[in-house]
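Scroll down for the structure; my scribbles are underneath it.
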Amino acid sequence: MPVMEKLRMFIAQEPVVAASCLIGGIGLFLPAVVRPILDSLEGSKHVPEKQPSISDVLAGMTGKRQG
């Protein structure tokens, strides 16, 4: 297992660089795992079938209700 010995030696000699590599690896790994999980959960939500009319949107933005 010369690879493990070299890895241990690298961590002992350069702990900051090793920690940076670990944090970077986690940063690259998490989006690949978390994003598909969030997408699958979001897909199960009910999507409204009809869009609101533009007059309703404008009335909501301006605070004026049309009768």
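Ligands are numbered from 1 in the order shown, residues from 1 within each chain, and chains are lettered A, B, ... in the order they appear in the structure tokens.
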Would you please give, as a ChimeraX atom specification, all residues of chain A that DSSP assigns to helix (DSSP H, G or I) based on the backbone? /A:2-13,15-42,54-62
Using the selection just defined, write its residues with N, CA and C atoms as a compact mmCIF listing (two decimals), in the first residue's frame.
# COMPACT_ATOMS: atom_id res chain seq x y z
N PRO A 2 1.65 1.44 -1.00
CA PRO A 2 2.48 2.65 -1.04
C PRO A 2 1.64 3.91 -1.27
N VAL A 3 0.47 3.77 -1.84
CA VAL A 3 -0.38 4.94 -2.08
C VAL A 3 -0.87 5.52 -0.76
N MET A 4 -1.27 4.67 0.16
CA MET A 4 -1.75 5.14 1.46
C MET A 4 -0.63 5.80 2.25
N GLU A 5 0.58 5.24 2.14
CA GLU A 5 1.72 5.84 2.84
C GLU A 5 2.03 7.22 2.28
N LYS A 6 1.98 7.35 0.96
CA LYS A 6 2.23 8.65 0.34
C LYS A 6 1.14 9.65 0.72
N LEU A 7 -0.09 9.18 0.79
CA LEU A 7 -1.19 10.06 1.19
C LEU A 7 -1.02 10.53 2.63
N ARG A 8 -0.66 9.62 3.52
CA ARG A 8 -0.42 10.00 4.92
C ARG A 8 0.74 10.98 5.03
N MET A 9 1.79 10.75 4.26
CA MET A 9 2.94 11.63 4.29
C MET A 9 2.56 13.02 3.76
N PHE A 10 1.74 13.05 2.70
CA PHE A 10 1.29 14.32 2.14
C PHE A 10 0.44 15.09 3.15
N ILE A 11 -0.46 14.39 3.85
CA ILE A 11 -1.30 15.04 4.85
C ILE A 11 -0.45 15.56 6.01
N ALA A 12 0.58 14.80 6.40
CA ALA A 12 1.43 15.24 7.50
C ALA A 12 2.29 16.44 7.11
N GLN A 13 2.75 16.47 5.86
CA GLN A 13 3.63 17.56 5.42
C GLN A 13 2.85 18.81 5.01
N PRO A 15 -0.82 19.90 5.65
CA PRO A 15 -2.20 19.73 6.14
C PRO A 15 -3.18 20.75 5.57
N VAL A 16 -2.73 21.96 5.30
CA VAL A 16 -3.63 22.98 4.76
C VAL A 16 -4.02 22.64 3.33
N VAL A 17 -3.06 22.21 2.54
CA VAL A 17 -3.35 21.84 1.16
C VAL A 17 -4.26 20.61 1.12
N ALA A 18 -4.01 19.66 2.00
CA ALA A 18 -4.85 18.46 2.06
C ALA A 18 -6.28 18.82 2.46
N ALA A 19 -6.43 19.72 3.42
CA ALA A 19 -7.77 20.14 3.83
C ALA A 19 -8.47 20.89 2.71
N SER A 20 -7.73 21.72 1.98
CA SER A 20 -8.31 22.44 0.85
C SER A 20 -8.78 21.47 -0.23
N CYS A 21 -7.99 20.46 -0.49
CA CYS A 21 -8.40 19.45 -1.48
C CYS A 21 -9.64 18.71 -1.03
N LEU A 22 -9.74 18.42 0.25
CA LEU A 22 -10.92 17.73 0.78
C LEU A 22 -12.16 18.61 0.66
N ILE A 23 -12.03 19.88 1.04
CA ILE A 23 -13.17 20.80 0.94
C ILE A 23 -13.58 20.98 -0.52
N GLY A 24 -12.60 21.11 -1.42
CA GLY A 24 -12.91 21.23 -2.84
C GLY A 24 -13.60 20.00 -3.39
N GLY A 25 -13.16 18.83 -2.95
CA GLY A 25 -13.80 17.59 -3.39
C GLY A 25 -15.24 17.50 -2.94
N ILE A 26 -15.48 17.92 -1.70
CA ILE A 26 -16.86 17.93 -1.20
C ILE A 26 -17.69 18.93 -1.99
N GLY A 27 -17.10 20.09 -2.29
CA GLY A 27 -17.81 21.11 -3.05
C GLY A 27 -18.16 20.66 -4.46
N LEU A 28 -17.34 19.82 -5.04
CA LEU A 28 -17.65 19.29 -6.37
C LEU A 28 -18.64 18.13 -6.31
N PHE A 29 -18.60 17.39 -5.22
CA PHE A 29 -19.43 16.20 -5.09
C PHE A 29 -20.87 16.52 -4.72
N LEU A 30 -21.07 17.48 -3.82
CA LEU A 30 -22.41 17.77 -3.31
C LEU A 30 -23.41 18.18 -4.40
N PRO A 31 -23.09 19.10 -5.30
CA PRO A 31 -24.09 19.46 -6.32
C PRO A 31 -24.50 18.29 -7.20
N ALA A 32 -23.60 17.36 -7.41
CA ALA A 32 -23.93 16.20 -8.24
C ALA A 32 -24.92 15.27 -7.54
N VAL A 33 -25.00 15.34 -6.22
CA VAL A 33 -25.89 14.46 -5.48
C VAL A 33 -27.14 15.19 -5.01
N VAL A 34 -26.98 16.39 -4.48
CA VAL A 34 -28.10 17.10 -3.87
C VAL A 34 -29.07 17.64 -4.92
N ARG A 35 -28.57 18.17 -6.01
CA ARG A 35 -29.44 18.78 -7.03
C ARG A 35 -30.46 17.78 -7.59
N PRO A 36 -30.05 16.56 -7.98
CA PRO A 36 -31.07 15.61 -8.47
C PRO A 36 -32.10 15.24 -7.40
N ILE A 37 -31.68 15.19 -6.14
CA ILE A 37 -32.63 14.88 -5.08
C ILE A 37 -33.66 16.00 -4.96
N LEU A 38 -33.19 17.25 -4.97
CA LEU A 38 -34.11 18.38 -4.89
C LEU A 38 -35.04 18.45 -6.10
N ASP A 39 -34.51 18.15 -7.27
CA ASP A 39 -35.34 18.16 -8.47
C ASP A 39 -36.42 17.09 -8.40
N SER A 40 -36.10 15.93 -7.88
CA SER A 40 -37.10 14.86 -7.80
C SER A 40 -38.17 15.22 -6.77
N LEU A 41 -37.81 15.90 -5.69
CA LEU A 41 -38.80 16.31 -4.71
C LEU A 41 -39.68 17.43 -5.24
N GLU A 42 -39.09 18.34 -6.00
CA GLU A 42 -39.85 19.47 -6.54
C GLU A 42 -40.81 19.02 -7.63
N ILE A 54 -52.70 38.77 -17.07
CA ILE A 54 -51.77 39.87 -16.87
C ILE A 54 -52.38 40.98 -16.04
N SER A 55 -53.68 41.18 -16.16
CA SER A 55 -54.32 42.23 -15.35
C SER A 55 -54.29 41.87 -13.87
N ASP A 56 -54.43 40.57 -13.54
CA ASP A 56 -54.33 40.15 -12.15
C ASP A 56 -52.91 40.34 -11.62
N VAL A 57 -51.93 40.07 -12.45
CA VAL A 57 -50.53 40.22 -12.04
C VAL A 57 -50.22 41.70 -11.79
N LEU A 58 -50.64 42.54 -12.74
CA LEU A 58 -50.39 43.98 -12.57
C LEU A 58 -51.12 44.55 -11.36
N ALA A 59 -52.34 44.07 -11.14
CA ALA A 59 -53.09 44.54 -9.97
C ALA A 59 -52.39 44.13 -8.68
N GLY A 60 -51.83 42.96 -8.66
CA GLY A 60 -51.10 42.51 -7.48
C GLY A 60 -49.81 43.27 -7.26
N MET A 61 -49.15 43.66 -8.36
CA MET A 61 -47.89 44.40 -8.24
C MET A 61 -48.12 45.85 -7.81
N THR A 62 -49.18 46.45 -8.31
CA THR A 62 -49.43 47.86 -7.99
C THR A 62 -50.26 48.03 -6.73
